[in-house]
>>> print(open('coords-v8.pdb').read())   # PDB, C-alpha atoms and all ligand atoms
MODEL        1
ATOM      1  CA  MET A1248     -42.841 -50.909  27.071
ATOM      2  CA  PRO A1249     -42.818 -52.579  30.484
ATOM      3  CA  ALA A1250     -44.017 -50.402  33.367
ATOM      4  CA  PHE A1251     -40.645 -50.639  35.097
ATOM      5  CA  LYS A1252     -38.762 -49.293  32.078
ATOM      6  CA  LEU A1253     -41.298 -46.541  31.544
ATOM      7  CA  GLY A1254     -41.072 -45.471  35.182
ATOM      8  CA  LYS A1255     -37.277 -45.345  34.948
ATOM      9  CA  LEU A1256     -37.476 -43.161  31.835
ATOM     10  CA  VAL A1257     -39.963 -40.788  33.457
ATOM     11  CA  MET A1258     -37.889 -40.459  36.612
ATOM     12  CA  ARG A1259     -34.712 -39.777  34.611
ATOM     13  CA  SER A1260     -36.470 -37.135  32.503
ATOM     14  CA  LEU A1261     -37.819 -35.427  35.587
ATOM     15  CA  PHE A1262     -34.411 -34.746  37.047
ATOM     16  CA  LYS A1263     -32.194 -34.080  34.033
ATOM     17  CA  LYS A1264     -31.774 -30.749  32.212
ATOM     18  CA  PRO A1265     -34.035 -30.159  29.176
ATOM     19  CA  ALA A1266     -32.486 -30.757  25.759
ATOM     20  CA  THR A1267     -33.739 -27.381  24.544
ATOM     21  CA  LEU A1268     -32.328 -23.956  25.454
ATOM     22  CA  MET A1269     -34.201 -20.955  26.838
ATOM     23  CA  TYR A1270     -33.369 -18.905  23.733
ATOM     24  CA  PRO A1271     -32.710 -15.938  23.600
ATOM     25  CA  VAL A1272     -31.989 -15.832  27.360
ATOM     26  CA  ILE A1273     -29.369 -18.571  26.874
ATOM     27  CA  PRO A1274     -27.597 -18.107  23.534
ATOM     28  CA  ARG A1275     -26.611 -21.219  21.647
ATOM     29  CA  GLN A1276     -22.945 -22.224  21.622
ATOM     30  CA  TRP A1277     -21.982 -22.991  18.043
ATOM     31  CA  GLN A1278     -19.444 -25.638  17.123
ATOM     32  CA  GLU A1279     -16.065 -24.363  15.974
ATOM     33  CA  ARG A1280     -16.570 -25.870  12.511
ATOM     34  CA  THR A1281     -20.017 -24.282  11.993
ATOM     35  CA  ARG A1282     -20.159 -22.312   8.752
ATOM     36  CA  GLY A1283     -21.908 -19.121   9.811
ATOM     37  CA  HIS A1284     -20.803 -16.057   7.882
ATOM     38  CA  ILE A1285     -17.809 -14.791   5.923
ATOM     39  CA  GLU A1286     -15.499 -12.179   7.428
ATOM     40  CA  ASN A1287     -12.707 -10.295   5.667
ATOM     41  CA  GLN A1288      -9.554  -8.905   7.300
ATOM     42  CA  ILE A1289      -9.778  -6.083   4.822
ATOM     43  CA  ASN A1290      -6.348  -4.602   5.515
ATOM     44  CA  ASP A1291      -4.742  -7.824   4.267
ATOM     45  CA  CYS A1292      -6.905  -7.936   1.123
ATOM     46  CA  ILE A1293      -5.197  -7.073  -2.177
ATOM     47  CA  PHE A1294      -8.493  -6.757  -4.133
ATOM     48  CA  CYS A1295      -7.446  -9.408  -6.635
ATOM     49  CA  SER A1296     -11.115 -10.458  -7.291
ATOM     50  CA  ILE A1297     -10.352 -14.196  -7.217
ATOM     51  CA  CYS A1298     -13.033 -14.704  -4.542
ATOM     52  CA  GLN A1299     -15.557 -12.833  -6.679
ATOM     53  CA  LYS A1300     -14.791 -15.009  -9.724
ATOM     54  CA  LYS A1301     -14.996 -18.272  -7.747
ATOM     55  CA  CYS A1302     -18.162 -17.504  -5.760
ATOM     56  CA  PRO A1303     -20.904 -19.790  -7.143
ATOM     57  CA  THR A1304     -23.725 -17.426  -6.153
ATOM     58  CA  ASN A1305     -22.123 -14.092  -7.155
ATOM     59  CA  ALA A1306     -22.413 -12.882  -3.579
ATOM     60  CA  ILE A1307     -19.102 -11.000  -3.635
ATOM     61  CA  VAL A1308     -18.272  -7.785  -5.491
ATOM     62  CA  VAL A1309     -14.710  -6.439  -5.416
ATOM     63  CA  ASP A1310     -13.933  -2.879  -6.489
ATOM     64  CA  LYS A1311     -10.183  -2.442  -6.732
ATOM     65  CA  ALA A1312     -10.335   1.252  -7.679
ATOM     66  CA  ASN A1313     -12.277   2.142  -4.517
ATOM     67  CA  ARG A1314     -10.616  -0.567  -2.371
ATOM     68  CA  SER A1315     -13.992  -2.016  -1.405
ATOM     69  CA  TRP A1316     -15.121  -5.616  -0.854
ATOM     70  CA  THR A1317     -18.851  -6.268  -0.655
ATOM     71  CA  ILE A1318     -20.805  -9.385   0.273
ATOM     72  CA  GLU A1319     -24.530  -9.964  -0.037
ATOM     73  CA  ARG A1320     -25.206 -12.042   3.065
ATOM     74  CA  MET A1321     -28.513 -13.584   1.980
ATOM     75  CA  GLN A1322     -26.976 -14.725  -1.306
ATOM     76  CA  CYS A1323     -24.034 -16.501   0.344
ATOM     77  CA  ILE A1324     -24.469 -20.244   0.857
ATOM     78  CA  GLN A1325     -21.430 -20.575   3.185
ATOM     79  CA  CYS A1326     -19.664 -22.963   0.823
ATOM     80  CA  SER A1327     -16.246 -21.511   1.873
ATOM     81  CA  CYS A1328     -14.973 -21.591  -1.706
ATOM     82  CA  CYS A1329     -13.826 -17.961  -1.401
ATOM     83  CA  VAL A1330     -11.969 -18.789   1.820
ATOM     84  CA  GLU A1331     -10.093 -21.618   0.104
ATOM     85  CA  VAL A1332      -8.992 -19.620  -2.959
ATOM     86  CA  CYS A1333      -8.016 -16.347  -1.278
ATOM     87  CA  PRO A1334      -4.244 -15.926  -1.856
ATOM     88  CA  LYS A1335      -3.850 -13.665   1.191
ATOM     89  CA  LYS A1336      -5.906 -15.890   3.535
ATOM     90  CA  CYS A1337      -7.793 -12.852   4.742
ATOM     91  CA  LEU A1338     -11.230 -14.518   4.458
ATOM     92  CA  THR A1339     -12.632 -16.665   7.260
ATOM     93  CA  ASN A1340     -15.905 -18.499   7.758
ATOM     94  CA  GLU A1341     -16.999 -17.500  11.250
ATOM     95  CA  ASN A1342     -19.257 -19.813  13.264
ATOM     96  CA  THR A1343     -22.041 -17.305  13.992
ATOM     97  CA  TYR A1344     -24.967 -16.753  11.645
ATOM     98  CA  THR A1345     -26.086 -13.477  10.093
ATOM     99  CA  THR A1346     -29.052 -12.067  11.994
ATOM    100  CA  PRO A1347     -32.292 -13.030  10.216
ATOM    101  CA  SER A1348     -33.803 -10.177   8.251
ATOM    102  CA  THR A1349     -36.691  -9.525   5.892
ATOM    103  CA  GLU A1350     -34.416  -7.392   3.721
ATOM    104  CA  LYS A1351     -31.194  -8.156   1.880
ATOM    105  CA  VAL A1352     -28.144  -7.646   4.068
ATOM    106  CA  VAL A1353     -25.163  -6.212   2.218
ATOM    107  CA  ASP A1354     -21.894  -5.616   4.056
ATOM    108  CA  THR A1355     -19.133  -3.509   2.543
ATOM    109  CA  TYR A1356     -15.563  -3.481   3.809
ATOM    110  CA  ILE A1357     -13.309  -0.582   2.798
ATOM    111  CA  GLY A1358      -9.541  -1.059   2.789
ATOM    112  CA  ALA A1359      -7.187   1.572   4.159
ATOM    113  CA  ALA A1360      -5.433   3.779   1.613
ATOM    114  CA  PRO A1361      -2.068   2.276   0.607
ATOM    115  CA  GLU A1362       1.006   3.842   2.146
ATOM    116  CA  PRO A1363       2.997   5.988  -0.314
ATOM    117  CA  LYS A1364       6.106   4.271  -1.668
ATOM    118  CA  PRO A1365       9.386   5.705  -0.307
ATOM    119  CA  VAL A1366      11.186   7.930  -2.838
ATOM    120  CA  PRO A1367      14.926   7.155  -3.162
ATOM    121  CA  LYS A1368      16.966   9.934  -1.557
ATOM    122  CA  ALA A1369      19.082  12.110  -3.893
ATOM    123  CA  ALA A1370      22.262  13.857  -2.609
ATOM    124  CA  PRO A1371      21.221  17.227  -1.177
ATOM    125  CA  ALA A1372      21.854  20.125  -3.560
ATOM    126  CA  GLU A1373      23.391  22.332  -0.796
ATOM    127  CA  ALA A1374      25.978  19.714   0.128
ATOM    128  CA  LYS A1375      27.027  19.471  -3.508
ATOM    129  CA  THR A1376      27.439  23.221  -3.723
ATOM    130  CA  GLU A1377      29.533  23.317  -0.544
ATOM    131  CA  ALA A1378      31.811  20.569  -1.852
ATOM    132  CA  ALA A1379      32.190  22.387  -5.150
ATOM    133  CA  VAL A1380      33.062  25.642  -3.358
ATOM    134  CA  LYS A1381      35.752  23.894  -1.262
ATOM    135  CA  ALA A1382      37.208  22.106  -4.284
ATOM    136  CA  ALA A1383      37.364  25.235  -6.468
ATOM    137  CA  PRO A1384      40.291  27.092  -4.701
ATOM    138  CA  ALA A1385      42.345  23.892  -4.557
ATOM    139  CA  ALA A1386      41.833  23.340  -8.284
ATOM    140  CA  GLU A1387      42.797  26.954  -9.023
ATOM    141  CA  ALA A1388      46.020  26.656  -6.972
ATOM    142  CA  LYS A1389      46.938  23.408  -8.747
ATOM    143  CA  SER A1390      46.487  24.933 -12.191
ATOM    144  CA  ALA A1391      48.562  27.990 -11.155
ATOM    145  CA  GLU A1392      51.430  25.666 -10.100
ATOM    146  CA  GLU A1393      51.301  23.701 -13.344
ATOM    147  CA  THR A1394      51.286  26.734 -15.669
ATOM    148  CA  PRO A1395      54.908  27.967 -15.026
ATOM    149  CA  LYS A1396      56.232  24.411 -15.418
ATOM    150  CA  GLN A1397      54.516  24.132 -18.783
ATOM    151  CA  GLU A1398      55.927  27.502 -19.858
ATOM    152  CA  ALA A1399      59.473  26.391 -18.837
ATOM    153  CA  LYS A1400      59.100  23.212 -20.844
ATOM    154  CA  ALA A1401      58.029  25.239 -23.878
ATOM    155  CA  GLU A1402      61.241  27.387 -23.604
TER     156      GLU A1402
HETATM  157  S1  LIG B   1      -9.376 -13.363  -2.945
HETATM  158 FE1  LIG B   1      -8.765 -12.559  -0.939
HETATM  159  S2  LIG B   1      -7.237 -10.986  -1.440
HETATM  160 FE2  LIG B   1      -8.373 -11.404  -3.340
HETATM  161  S3  LIG B   1     -10.045  -9.892  -3.345
HETATM  162 FE3  LIG B   1     -10.858 -11.747  -2.390
HETATM  163  S4  LIG B   1     -10.528 -11.399  -0.201
HETATM  164 FE4  LIG B   1      -9.227  -9.955  -1.256
HETATM  165  S1  LIG B   2     -18.908 -18.815   1.086
HETATM  166 FE1  LIG B   2     -19.362 -19.488  -1.011
HETATM  167  S2  LIG B   2     -21.271 -18.465  -1.522
HETATM  168 FE2  LIG B   2     -20.481 -17.422   0.271
HETATM  169  S3  LIG B   2     -19.311 -15.720  -0.548
HETATM  170 FE3  LIG B   2     -17.868 -17.393  -0.285
HETATM  171  S4  LIG B   2     -17.823 -18.437  -2.277
HETATM  172 FE4  LIG B   2     -19.662 -17.132  -2.253
ENDMDL
END
>>> encode(input="coords-v8.pdb", output="structure tokens")
Amino acid sequence: MPAFKLGKLVMRSLFKKPATLMYPVIPRQWQERTRGHIENQINDCIFCSICQKKCPTNAIVVDKANRSWTIERMQCIQCSCCVEVCPKKCLTNENTYTTPSTEKVVDTYIGAAPEPKPVPKAAPAEAKTEAAVKAAPAAEAKSAEETPKQEAKAE
């Protein structure tokens, strides 16, 4: 390399920022498309187990009875297959990595208990009784009016 070119390169390198970061003082900014770790908006999950069936590494375990969704972080290869098949779109592949660990990291998400279904309202028993009480004297009076007419007809 000619001396002129080399000198230019050295001078440029002296005054520009280093390509490396002072980690962990300056955290790295990940790209939006980086496949870091899977997150679940558990309250939208219907525990259908499709993600568990499609996961190529068996990293997901879904327990419908206990409304729990579990992922073994070190087993996940961030393929996003579960994200693509989820019918409720409650899974996302976030762009930050799981903290390195010497032990297996297992995260469990527990869904909220389902709201009780509304019971259709029946007519209140008291109202029925009141209506029956009001209707009874009127019915009695009507039958009393009809009885003499019937007797006259019979004569
Ligand atoms: S596929 Fe989606 S909705 Fe079904 S269990 Fe997995 S996360 Fe929940
Ligand atoms: S990203 Fe891939 S490996 Fe990880 S849990 Fe989802 S389907 Fe399994």
>>> axis_aligned_box(input="coords-v8.pdb", around="ligand LIG 2 (chain B)", padding_each_side="3 Å", output="lines of an AutoDock Vina configuration file")
center_x = -19.5
center_y = -17.6
center_z = -0.6
size_x = 9.4
size_y = 9.8
size_z = 9.4
>>> resolve_selection(input="coords-v8.pdb", expression="the PyMOL selection byres (((not hetatm)) within 9 of (chain B and resi 1))", output="ChimeraX atom specification")
/A:1287-1289,1291-1301,1307-1311,1316,1329-1338
>>> closest_atom_pairs(input="coords-v8.pdb", of="chain A", to="ligand LIG 2 (chain B)", cutoff="7 Å", atoms="all atoms listed in the file", output="Markdown table")
| residue | atom | partner | partner_atom | distance |
| --- | --- | --- | --- | --- |
| A:Ile1285 | CA | B:LIG2 | S1 | 6.4 |
| A:Cys1298 | CA | B:LIG2 | S4 | 6.5 |
| A:Lys1301 | CA | B:LIG2 | S4 | 6.2 |
| A:Cys1302 | CA | B:LIG2 | S4 | 3.6 |
| A:Pro1303 | CA | B:LIG2 | FE4 | 5.7 |
| A:Thr1304 | CA | B:LIG2 | S2 | 5.3 |
| A:Asn1305 | CA | B:LIG2 | FE4 | 6.3 |
| A:Ala1306 | CA | B:LIG2 | S3 | 5.2 |
| A:Ile1307 | CA | B:LIG2 | S3 | 5.6 |
| A:Ile1318 | CA | B:LIG2 | S3 | 6.6 |
| A:Gln1322 | CA | B:LIG2 | S2 | 6.8 |
| A:Cys1323 | CA | B:LIG2 | FE2 | 3.7 |
| A:Ile1324 | CA | B:LIG2 | S2 | 4.4 |
| A:Gln1325 | CA | B:LIG2 | S1 | 3.7 |
| A:Cys1326 | CA | B:LIG2 | FE1 | 3.9 |
| A:Ser1327 | CA | B:LIG2 | S1 | 3.9 |
| A:Cys1328 | CA | B:LIG2 | S4 | 4.3 |
| A:Cys1329 | CA | B:LIG2 | S4 | 4.1 |
| A:Val1330 | CA | B:LIG2 | FE3 | 6.4 |
>>> resolve_selection(input="coords-v8.pdb", expression="the PyMOL selection byres (((chain A and resi 1360) around 10) and not hetatm)", output="compact mmCIF listing (two decimals) with C-alpha atoms, in the coordinates of the input")
# COMPACT_ATOMS: atom_id res chain seq x y z
CA ASN A 1290 -6.35 -4.60 5.52
CA ASN A 1313 -12.28 2.14 -4.52
CA ARG A 1314 -10.62 -0.57 -2.37
CA ILE A 1357 -13.31 -0.58 2.80
CA GLY A 1358 -9.54 -1.06 2.79
CA ALA A 1359 -7.19 1.57 4.16
CA PRO A 1361 -2.07 2.28 0.61
CA GLU A 1362 1.01 3.84 2.15
CA PRO A 1363 3.00 5.99 -0.31
>>> atom_distance(input="coords-v8.pdb", atom1="atom CA of A:His1284", atom2="atom CA of A:Thr1339")
8.2 Å
>>> resolve_selection(input="coords-v8.pdb", expression="the PyMOL selection byres (((chain A and resi 1343) around 10) and not hetatm)", output="PDB file with C-alpha atoms, keeping the file's coordinate frame")
ATOM      1  CA  ARG A1275     -26.611 -21.219  21.647  1.00  0.00           C
ATOM      2  CA  GLN A1276     -22.945 -22.224  21.622  1.00  0.00           C
ATOM      3  CA  TRP A1277     -21.982 -22.991  18.043  1.00  0.00           C
ATOM      4  CA  GLN A1278     -19.444 -25.638  17.123  1.00  0.00           C
ATOM      5  CA  GLU A1279     -16.065 -24.363  15.974  1.00  0.00           C
ATOM      6  CA  THR A1281     -20.017 -24.282  11.993  1.00  0.00           C
ATOM      7  CA  ARG A1282     -20.159 -22.312   8.752  1.00  0.00           C
ATOM      8  CA  GLY A1283     -21.908 -19.121   9.811  1.00  0.00           C
ATOM      9  CA  HIS A1284     -20.803 -16.057   7.882  1.00  0.00           C
ATOM     10  CA  ILE A1285     -17.809 -14.791   5.923  1.00  0.00           C
ATOM     11  CA  ASN A1340     -15.905 -18.499   7.758  1.00  0.00           C
ATOM     12  CA  GLU A1341     -16.999 -17.500  11.250  1.00  0.00           C
ATOM     13  CA  ASN A1342     -19.257 -19.813  13.264  1.00  0.00           C
ATOM     14  CA  TYR A1344     -24.967 -16.753  11.645  1.00  0.00           C
ATOM     15  CA  THR A1345     -26.086 -13.477  10.093  1.00  0.00           C
ATOM     16  CA  THR A1346     -29.052 -12.067  11.994  1.00  0.00           C
TER      17      THR A1346
END
>>> atom_distance(input="coords-v8.pdb", atom1="atom CA of A:Pro1347", atom2="atom CA of A:Met1269")
18.5 Å
>>> atom_distance(input="coords-v8.pdb", atom1="atom CA of A:Thr1349", atom2="atom CA of A:Thr1317")
19.3 Å
